[in-house]
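What follows is the content of run28.tsv, which has TSV, C-alpha atoms:
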```tsv
chain	number	residue	atom	x	y	z
A	27	MET	CA	97.03	81.60	54.03
A	28	PRO	CA	99.63	79.72	56.11
A	29	ARG	CA	98.26	77.85	59.12
A	30	ILE	CA	98.63	79.90	62.32
A	31	SER	CA	99.45	77.97	65.52
A	32	ALA	CA	97.04	78.20	68.46
A	33	THR	CA	99.76	79.94	70.49
A	34	LYS	CA	100.35	82.56	67.81
A	35	GLN	CA	96.61	83.10	67.50
A	36	ALA	CA	96.29	83.59	71.30
A	37	ILE	CA	99.16	86.11	71.25
A	38	LEU	CA	97.60	88.08	68.38
A	39	ALA	CA	94.20	88.11	70.11
A	40	ALA	CA	95.75	89.29	73.40
A	41	ALA	CA	97.76	92.01	71.62
A	42	LEU	CA	94.61	93.21	69.85
A	43	GLU	CA	92.60	93.48	73.08
A	44	LEU	CA	95.38	95.29	74.93
A	45	GLY	CA	96.29	97.55	71.99
A	46	ALA	CA	92.68	98.64	71.48
A	47	LEU	CA	92.44	99.43	75.20
A	48	HIS	CA	95.80	101.05	75.99
A	49	GLY	CA	97.28	101.86	72.59
A	50	ILE	CA	100.36	100.16	71.19
A	51	SER	CA	102.78	102.39	73.15
A	52	GLY	CA	100.87	101.57	76.35
A	53	THR	CA	101.11	97.80	75.81
A	54	THR	CA	104.12	95.66	76.80
A	55	MET	CA	105.19	92.21	75.62
A	56	GLU	CA	104.93	91.03	79.27
A	57	GLU	CA	101.25	92.05	79.37
A	58	VAL	CA	100.61	90.33	76.02
A	59	ALA	CA	102.19	87.11	77.35
A	60	GLU	CA	100.17	87.27	80.57
A	61	ARG	CA	96.86	87.95	78.78
A	62	ALA	CA	97.55	85.19	76.23
A	63	GLY	CA	98.46	82.76	79.02
A	64	VAL	CA	101.85	81.92	77.49
A	65	ALA	CA	105.46	82.43	78.59
A	66	LYS	CA	107.17	85.66	77.56
A	67	GLY	CA	109.77	83.62	75.67
A	68	SER	CA	106.97	82.15	73.60
A	69	VAL	CA	105.86	85.63	72.53
A	70	TYR	CA	109.41	86.47	71.41
A	71	TYR	CA	109.72	83.09	69.69
A	72	ASN	CA	106.73	84.00	67.52
A	73	PHE	CA	107.39	87.73	67.09
A	74	ALA	CA	110.85	89.33	67.15
A	75	SER	CA	109.51	92.54	68.73
A	76	LYS	CA	106.37	94.40	69.76
A	77	ASP	CA	106.58	96.39	66.54
A	78	LYS	CA	106.67	93.17	64.46
A	79	LEU	CA	103.70	91.80	66.40
A	80	PHE	CA	101.54	94.88	65.83
A	81	GLU	CA	102.71	95.23	62.24
A	82	GLU	CA	101.43	91.71	61.57
A	83	LEU	CA	98.13	92.48	63.32
A	84	LEU	CA	97.50	95.72	61.41
A	85	THR	CA	98.71	94.29	58.11
A	86	ALA	CA	96.27	91.38	58.43
A	87	GLY	CA	93.48	93.82	59.40
A	88	VAL	CA	94.00	96.16	56.46
A	89	SER	CA	94.40	93.23	54.03
A	90	SER	CA	91.12	91.79	55.21
A	91	LEU	CA	89.47	95.22	54.83
A	92	SER	CA	90.86	95.65	51.31
A	93	ALA	CA	89.71	92.16	50.32
A	94	THR	CA	86.21	92.87	51.68
A	95	LEU	CA	86.05	96.17	49.78
A	96	ARG	CA	87.31	94.52	46.57
A	97	THR	CA	84.73	91.73	46.74
A	98	ALA	CA	81.93	94.25	47.40
A	99	ARG	CA	83.12	96.40	44.47
A	100	GLU	CA	83.28	93.45	42.06
A	101	GLN	CA	79.77	92.24	42.90
A	102	ALA	CA	78.05	95.52	42.01
A	103	SER	CA	78.43	98.30	39.47
A	104	GLY	CA	78.06	102.07	39.26
A	105	PHE	CA	77.06	103.73	42.52
A	106	GLY	CA	75.88	100.29	43.68
A	107	ALA	CA	79.56	99.44	44.23
A	108	ILE	CA	79.93	102.39	46.65
A	109	GLU	CA	76.74	101.31	48.45
A	110	ALA	CA	78.03	97.74	48.78
A	111	MET	CA	81.45	98.91	50.03
A	112	VAL	CA	79.98	101.19	52.72
A	113	MET	CA	77.68	98.39	53.88
A	114	GLN	CA	80.43	95.73	53.97
A	115	MET	CA	82.92	98.03	55.68
A	116	LEU	CA	80.37	98.84	58.43
A	117	THR	CA	79.69	95.12	58.89
A	118	LEU	CA	83.43	94.43	59.21
A	119	ILE	CA	83.86	97.29	61.75
A	120	ALA	CA	81.00	95.90	63.85
A	121	GLU	CA	82.52	92.39	63.75
A	122	ASN	CA	86.03	93.63	64.57
A	123	ARG	CA	85.44	96.62	66.78
A	124	ALA	CA	88.78	96.35	68.63
A	125	LEU	CA	90.71	96.14	65.37
A	126	ALA	CA	88.77	99.08	63.90
A	127	LYS	CA	89.58	101.23	66.96
A	128	LEU	CA	93.23	100.23	66.82
A	129	MET	CA	93.43	101.01	63.10
A	130	ALA	CA	91.69	104.37	63.51
A	131	ALA	CA	94.19	105.30	66.21
A	132	GLU	CA	97.28	104.14	64.34
A	133	ILE	CA	96.78	104.89	60.65
A	134	PHE	CA	98.08	108.45	60.91
A	135	ARG	CA	101.02	107.72	63.22
A	136	THR	CA	104.22	108.53	61.39
A	137	ASP	CA	106.81	107.52	63.98
A	138	ARG	CA	106.37	103.75	63.81
A	139	VAL	CA	109.08	101.70	62.13
A	140	TRP	CA	106.29	100.03	60.15
A	141	GLN	CA	104.41	103.24	59.31
A	142	HIS	CA	105.43	102.80	55.65
A	143	THR	CA	103.70	99.40	55.56
A	144	VAL	CA	100.55	100.66	57.28
A	145	SER	CA	100.41	103.79	55.14
A	146	GLY	CA	100.76	101.65	51.99
A	147	LEU	CA	98.02	99.33	53.20
A	148	ARG	CA	95.72	102.24	54.04
A	149	ARG	CA	96.23	103.48	50.50
A	150	GLU	CA	95.29	99.97	49.33
A	151	GLY	CA	91.92	100.21	51.11
A	152	VAL	CA	91.29	103.76	49.93
A	153	SER	CA	92.29	102.88	46.37
A	154	GLU	CA	89.63	100.13	46.25
A	155	ILE	CA	87.04	102.87	46.76
A	156	GLY	CA	88.97	105.03	44.27
A	157	THR	CA	88.60	102.31	41.62
A	158	ALA	CA	84.83	102.18	42.19
A	159	LEU	CA	84.71	105.99	41.82
A	160	ALA	CA	86.51	106.01	38.45
A	161	PRO	CA	83.37	105.55	36.28
A	162	LEU	CA	81.36	107.94	38.53
A	163	VAL	CA	83.49	111.11	38.35
A	164	PRO	CA	84.07	113.40	35.34
A	165	ALA	CA	86.63	111.87	32.94
A	166	GLU	CA	89.09	114.74	33.46
A	167	THR	CA	89.28	114.25	37.27
A	168	PRO	CA	92.94	113.82	38.33
A	169	GLU	CA	93.76	110.59	40.17
A	170	ALA	CA	94.83	112.52	43.30
A	171	THR	CA	91.41	114.21	43.45
A	172	ARG	CA	89.63	110.88	43.03
A	173	LEU	CA	91.73	109.39	45.87
A	174	LEU	CA	90.83	112.37	48.10
A	175	MET	CA	87.14	111.64	47.46
A	176	ALA	CA	87.79	107.97	48.21
A	177	GLY	CA	89.61	108.93	51.44
A	178	GLY	CA	86.57	110.99	52.37
A	179	ILE	CA	84.16	108.08	51.85
A	180	PHE	CA	86.55	105.79	53.78
A	181	GLY	CA	86.79	108.32	56.63
A	182	ALA	CA	83.03	108.87	56.72
A	183	THR	CA	82.40	105.13	56.99
A	184	LEU	CA	85.11	104.56	59.63
A	185	MET	CA	84.04	107.51	61.79
A	186	GLY	CA	80.31	106.89	61.25
A	187	GLY	CA	80.85	103.22	62.11
A	188	LEU	CA	82.78	103.92	65.33
A	189	GLU	CA	80.26	106.58	66.45
A	190	TRP	CA	77.46	104.10	65.77
A	191	LEU	CA	79.05	101.40	67.96
A	192	LEU	CA	79.76	103.90	70.75
A	193	PHE	CA	76.49	105.81	70.85
A	194	THR	CA	73.66	103.90	69.12
A	195	PRO	CA	74.80	100.24	68.82
A	196	GLU	CA	71.15	99.14	68.69
A	197	THR	CA	70.69	100.75	65.23
A	198	PRO	CA	70.67	98.10	62.44
A	199	VAL	CA	73.69	98.25	60.12
A	200	GLU	CA	71.38	98.90	57.14
A	201	ASP	CA	70.15	102.13	58.73
A	202	VAL	CA	73.70	103.31	59.43
A	203	ALA	CA	74.69	102.60	55.82
A	204	ALA	CA	71.55	104.40	54.60
A	205	ALA	CA	72.38	107.50	56.69
A	206	ILE	CA	75.93	107.73	55.32
A	207	LEU	CA	74.77	107.03	51.75
A	208	PHE	CA	72.05	109.70	52.01
A	209	THR	CA	74.81	112.34	52.16
A	210	TYR	CA	75.92	111.21	48.66
A	211	SER	CA	72.40	111.38	47.18
A	212	GLY	CA	72.68	115.07	46.33
A	213	ARG	CA	69.62	115.90	48.42
A	214	LEU	CA	71.71	117.89	50.94
A	215	ALA	CA	72.89	120.26	48.20
A	216	GLN	CA	69.47	120.81	46.65
B	24	MET	CA	90.24	133.26	78.06
B	25	PRO	CA	92.58	133.36	81.08
B	26	ARG	CA	96.14	134.46	80.34
B	27	ILE	CA	98.49	131.48	79.92
B	28	SER	CA	102.05	131.83	81.26
B	29	ALA	CA	104.97	131.42	78.87
B	30	THR	CA	106.05	128.33	80.82
B	31	LYS	CA	102.64	126.73	80.55
B	32	GLN	CA	102.55	127.53	76.85
B	33	ALA	CA	105.98	125.94	76.32
B	34	ILE	CA	104.86	122.81	78.20
B	35	LEU	CA	101.68	122.51	76.12
B	36	ALA	CA	103.63	122.99	72.86
B	37	ALA	CA	106.19	120.35	73.89
B	38	ALA	CA	103.46	117.89	74.90
B	39	LEU	CA	101.70	118.42	71.57
B	40	GLU	CA	104.85	117.75	69.53
B	41	LEU	CA	105.76	114.62	71.52
B	42	GLY	CA	102.19	113.33	71.69
B	43	ALA	CA	101.69	113.67	67.92
B	44	LEU	CA	104.96	111.80	67.36
B	45	HIS	CA	104.89	109.02	69.97
B	46	GLY	CA	101.28	108.97	71.17
B	47	ILE	CA	100.22	109.97	74.67
B	48	SER	CA	101.12	106.57	76.18
B	49	GLY	CA	104.57	106.83	74.60
B	50	THR	CA	105.26	110.29	76.08
B	51	THR	CA	106.58	110.89	79.61
B	52	MET	CA	106.47	114.02	81.78
B	53	GLU	CA	110.30	113.92	81.87
B	54	GLU	CA	110.42	114.17	78.06
B	55	VAL	CA	107.88	117.01	78.08
B	56	ALA	CA	110.01	118.94	80.62
B	57	GLU	CA	113.18	118.36	78.61
B	58	ARG	CA	111.60	119.40	75.29
B	59	ALA	CA	110.01	122.49	76.90
B	60	GLY	CA	113.33	123.43	78.52
B	61	VAL	CA	111.83	123.59	82.02
B	62	ALA	CA	112.36	121.64	85.24
B	63	LYS	CA	110.20	118.55	85.79
B	64	GLY	CA	108.82	120.17	88.96
B	65	SER	CA	107.59	123.06	86.85
B	66	VAL	CA	105.58	120.67	84.64
B	67	TYR	CA	103.94	119.16	87.73
B	68	TYR	CA	103.37	122.64	89.19
B	69	ASN	CA	101.31	123.51	86.09
B	70	PHE	CA	99.65	120.13	85.51
B	71	ALA	CA	98.86	117.59	88.22
B	72	SER	CA	99.45	114.64	85.87
B	73	LYS	CA	100.13	113.66	82.27
B	74	ASP	CA	96.43	112.90	81.86
B	75	LYS	CA	95.50	116.41	83.05
B	76	LEU	CA	98.05	117.92	80.67
B	77	PHE	CA	96.72	116.07	77.62
B	78	GLU	CA	93.12	116.58	78.67
B	79	GLU	CA	93.73	120.34	78.64
B	80	LEU	CA	95.46	120.11	75.25
B	81	LEU	CA	92.69	118.09	73.61
B	82	THR	CA	89.91	120.08	75.28
B	83	ALA	CA	91.37	123.32	73.92
B	84	GLY	CA	91.78	121.73	70.48
B	85	VAL	CA	88.22	120.44	70.24
B	86	SER	CA	86.82	123.73	71.62
B	87	SER	CA	88.70	125.67	68.98
B	88	LEU	CA	87.41	123.27	66.30
B	89	SER	CA	83.81	123.61	67.53
B	90	ALA	CA	84.10	127.41	67.60
B	91	THR	CA	85.49	127.43	64.06
B	92	LEU	CA	82.66	125.19	62.83
B	93	ARG	CA	80.05	127.32	64.62
B	94	THR	CA	81.35	130.56	63.10
B	95	ALA	CA	81.43	129.00	59.62
B	96	ARG	CA	77.88	127.70	60.07
B	97	GLU	CA	76.53	131.06	61.24
B	98	GLN	CA	78.05	132.95	58.33
B	99	ALA	CA	76.33	130.89	55.64
B	100	SER	CA	73.01	129.16	55.10
B	101	GLY	CA	71.65	125.99	53.50
B	102	PHE	CA	74.29	123.75	51.95
B	103	GLY	CA	76.59	126.78	51.97
B	104	ALA	CA	77.01	126.19	55.70
B	105	ILE	CA	78.33	122.66	55.05
B	106	GLU	CA	80.67	124.03	52.36
B	107	ALA	CA	81.99	126.68	54.77
B	108	MET	CA	82.46	124.15	57.58
B	109	VAL	CA	84.42	121.68	55.40
B	110	MET	CA	86.63	124.52	54.15
B	111	GLN	CA	87.29	125.97	57.62
B	112	MET	CA	87.92	122.56	59.18
B	113	LEU	CA	90.50	121.75	56.47
B	114	THR	CA	92.19	125.11	57.06
B	115	LEU	CA	92.36	124.43	60.79
B	116	ILE	CA	93.80	120.93	60.22
B	117	ALA	CA	96.50	122.36	57.96
B	118	GLU	CA	97.39	125.02	60.54
B	119	ASN	CA	97.41	122.53	63.44
B	120	ARG	CA	98.61	119.33	61.85
B	121	ALA	CA	100.12	117.89	65.06
B	122	LEU	CA	96.92	118.54	67.00
B	123	ALA	CA	94.78	117.05	64.22
B	124	LYS	CA	96.90	113.87	64.22
B	125	LEU	CA	96.74	113.63	68.00
B	126	MET	CA	92.96	114.12	67.98
B	127	ALA	CA	92.45	111.56	65.21
B	128	ALA	CA	94.47	109.03	67.22
B	129	GLU	CA	92.76	109.70	70.55
B	130	ILE	CA	89.08	110.43	69.87
B	131	PHE	CA	88.07	106.77	69.92
B	132	ARG	CA	90.22	105.72	72.87
B	133	THR	CA	87.95	104.59	75.66
B	134	ASP	CA	90.48	103.79	78.39
B	135	ARG	CA	91.54	107.34	79.24
B	136	VAL	CA	90.34	108.89	82.48
B	137	TRP	CA	89.30	111.91	80.42
B	138	GLN	CA	87.64	109.94	77.61
B	139	HIS	CA	84.26	111.20	78.77
B	140	THR	CA	85.41	114.80	78.28
B	141	VAL	CA	86.92	114.12	74.87
B	142	SER	CA	83.93	112.10	73.75
B	143	GLY	CA	81.61	114.93	74.83
B	144	LEU	CA	83.73	117.46	73.00
B	145	ARG	CA	83.82	115.34	69.85
B	146	ARG	CA	80.03	115.24	69.98
B	147	GLU	CA	80.14	119.03	70.28
B	148	GLY	CA	82.05	119.30	67.00
B	149	VAL	CA	79.87	116.74	65.24
B	150	SER	CA	76.69	118.39	66.53
B	151	GLU	CA	77.71	121.72	64.95
B	152	ILE	CA	77.58	119.92	61.59
B	153	GLY	CA	74.35	118.23	62.71
B	154	THR	CA	72.76	121.64	63.31
B	155	ALA	CA	73.70	122.76	59.80
B	156	LEU	CA	72.16	119.56	58.43
B	157	ALA	CA	68.79	120.07	60.16
B	158	PRO	CA	67.21	122.19	57.37
B	159	LEU	CA	68.75	119.98	54.65
B	160	VAL	CA	67.39	116.55	55.61
B	161	PRO	CA	63.76	115.33	55.42
B	162	ALA	CA	61.74	116.66	58.38
B	163	GLU	CA	61.07	113.15	59.72
B	164	THR	CA	64.80	112.28	60.02
B	165	PRO	CA	65.57	111.14	63.62
B	166	GLU	CA	68.26	113.14	65.43
B	167	ALA	CA	70.48	110.04	65.77
B	168	THR	CA	70.41	109.58	61.97
B	169	ARG	CA	71.26	113.24	61.40
B	170	LEU	CA	74.19	112.95	63.84
B	171	LEU	CA	75.44	109.85	61.98
B	172	MET	CA	75.43	111.88	58.75
B	173	ALA	CA	77.24	114.69	60.57
B	174	GLY	CA	79.80	112.18	61.92
B	175	GLY	CA	80.32	111.00	58.35
B	176	ILE	CA	80.98	114.53	57.06
B	177	PHE	CA	83.30	115.17	60.04
B	178	GLY	CA	85.18	111.89	59.40
B	179	ALA	CA	85.44	112.57	55.65
B	180	THR	CA	86.95	116.00	56.30
B	181	LEU	CA	89.36	114.77	59.01
B	182	MET	CA	90.57	111.76	56.98
B	183	GLY	CA	90.62	113.68	53.68
B	184	GLY	CA	92.55	116.49	55.41
B	185	LEU	CA	95.15	114.19	56.95
B	186	GLU	CA	95.62	112.26	53.67
B	187	TRP	CA	96.04	115.57	51.86
B	188	LEU	CA	98.81	116.74	54.23
B	189	LEU	CA	100.58	113.37	54.04
B	190	PHE	CA	100.40	112.69	50.31
B	191	THR	CA	99.65	115.85	48.31
B	192	PRO	CA	100.41	118.82	50.59
B	193	GLU	CA	100.99	121.03	47.52
B	194	THR	CA	97.26	120.88	46.60
B	195	PRO	CA	95.47	124.16	47.51
B	196	VAL	CA	92.94	123.84	50.34
B	197	GLU	CA	90.14	124.99	47.98
B	198	ASP	CA	90.76	121.96	45.72
B	199	VAL	CA	90.69	119.57	48.69
B	200	ALA	CA	87.41	121.07	49.90
B	201	ALA	CA	85.99	120.88	46.35
B	202	ALA	CA	86.90	117.17	46.08
B	203	ILE	CA	85.18	116.30	49.36
B	204	LEU	CA	82.16	118.47	48.57
B	205	PHE	CA	81.82	116.90	45.10
B	206	THR	CA	80.86	113.62	46.82
B	207	TYR	CA	77.79	115.44	48.28
B	208	SER	CA	76.70	116.89	44.93
B	209	GLY	CA	74.71	113.81	43.97
B	210	ARG	CA	76.71	113.34	40.78
B	211	LEU	CA	78.24	110.08	42.06
B	212	ALA	CA	74.79	108.53	42.41
B	213	GLN	CA	73.46	109.64	39.01
```
The structure in this file should be written as structure tokens.
Amino acid sequence: MPRISATKQAILAAALELGALHGISGTTMEEVAERAGVAKGSVYYNFASKDKLFEELLTAGVSSLSATLRTAREQASGFGAIEAMVMQMLTLIAENRALAKLMAAEIFRTDRVWQHTVSGLRREGVSEIGTALAPLVPAETPEATRLLMAGGIFGATLMGGLEWLLFTPETPVEDVAAAILFTYSGRLAQ
Amino acid sequence: MPRISATKQAILAAALELGALHGISGTTMEEVAERAGVAKGSVYYNFASKDKLFEELLTAGVSSLSATLRTAREQASGFGAIEAMVMQMLTLIAENRALAKLMAAEIFRTDRVWQHTVSGLRREGVSEIGTALAPLVPAETPEATRLLMAGGIFGATLMGGLEWLLFTPETPVEDVAAAILFTYSGRLAQ
């Protein structure tokens, strides 16, 4: 990863805080500069536009999520890979709550100039879960169906994780993972 | 339900279209008036502010979702209630795609003056699923754990539904519901 200057890092952190609070549309480059404690010209020197700034932020966030899911998947097998992915994704959401909120709010926006990038990156995260599902579903399952299941597990973990942080943040991450994973045990359908 | 004037209905429809496209922060009352084909004064006559307008829109949306989930739950029993709720929620998302996108983007925003209302209403939707889960989970399961599971099923259906409409809209709703419900069959964990 290329070295990021302290200024650029401060701008990204300020943009993340403001974006999570007011949404991307409700955030201006002036506010980002003020919050980061840098001149407005410095923000534009580092990022050509607000869209470029948030594209970089979300791209880095989804890449980090995909990498976390991939590592979890590769260190376990069978349903254990799903268990590891749910657990690691919840841990990442708790550590990056602002980014998780921003991603949840933006991943279905279709008007952004960078929506193609974000949509591709979302698919990247979902497809990591899809890969872990391949040996667990019937051999004849179409890929699109498997990705829908993966999207469901991704959505359950994202929504469960955000609800957890909002309503019962004192619950240990292991218990949150156990609650979500219980739904996949088959005991609900018995 | 009180009768809604044609003007008010046109304003709500315009706000929904613009909000789903540009986000609430990125939408102005001027744009809503223009899209609805009414004078700006008429928008303010019907809604005191943009926040009030979107609060009414989201409140109506979440109420309709809760009512749909409740009806589905009451017409089935056991795991059949979960199956009916997933199916009906997907149908509603497909019929109200703009509203579903707007809700997905806004339900975790915490800066809005009406976030308390929306958060309460989201809980209302999630708790309908929680009620259906009560007879399906071990008796000693704490309510918070059951609501986390319900949030997971809600999130899986919302994310699965939005992915479906974006990537494979030609798939019949029954197949989408079947894919999500397969994850609860226990066959993944075998």
- Message: If the cut-off is 7 Å, can you tell me the residues of chain A near chain B, counting all atoms listed in the file? I'd like them as JSON, numbers by chain.
- Response: {"A": [47, 48, 51, 52, 105, 127, 130, 131, 132, 134, 136, 137, 162, 163, 171, 174, 175, 177, 178, 179, 181, 182, 183, 185, 186, 205, 206, 209, 210, 211, 212, 214, 215]}
- Got a sec: who's within 9 Å of Met111 of chain A, counting only C-alpha atoms, leaving out chain neighbours fewer than 5 positions off, as an NGL selection string? :A and (94-99 or 106 or 116 or 155)
- Counting all atoms listed in the file, the option among B:Ala162, B:Leu122, B:Ala83, B:Ala90 closest to Thr140 of chain B: B:Ala83
- Message: Can you measure atom CA of Leu79 of chain A to atom CA of Ala39 of chain A for me? One decimal in Å is fine.
- Response: 10.8 Å
- Message: As an exercise, work out the distance from atom CA of Leu44 of chain A to atom CA of Val88 of chain A in Å and give it to one decimal place.
- Response: 18.5 Å
- Query: atom CA of Gln98 of chain B and atom CA of Leu115 of chain B, how far apart in Å?
  - Reply: 16.8 Å
- Task: Would you kindly identify which residues have an atom no farther than 10 Å from (92.2, 88.0, 73.3), using only C-alpha atoms and the file's own coordinates, and write them out as a PyMOL selection string?
- Result: chain A and resi 35-44+58+61-63
- Task: Fewer than 4 positions away in the same chain doesn't count, so skip those; otherwise give me all residues within 9 Å of segment 61-66 of chain B, counting all atoms listed in the file, as an MDAnalysis selection string.
- Result: chainID B and resid 30:31 33:34 52:57 70:72 76
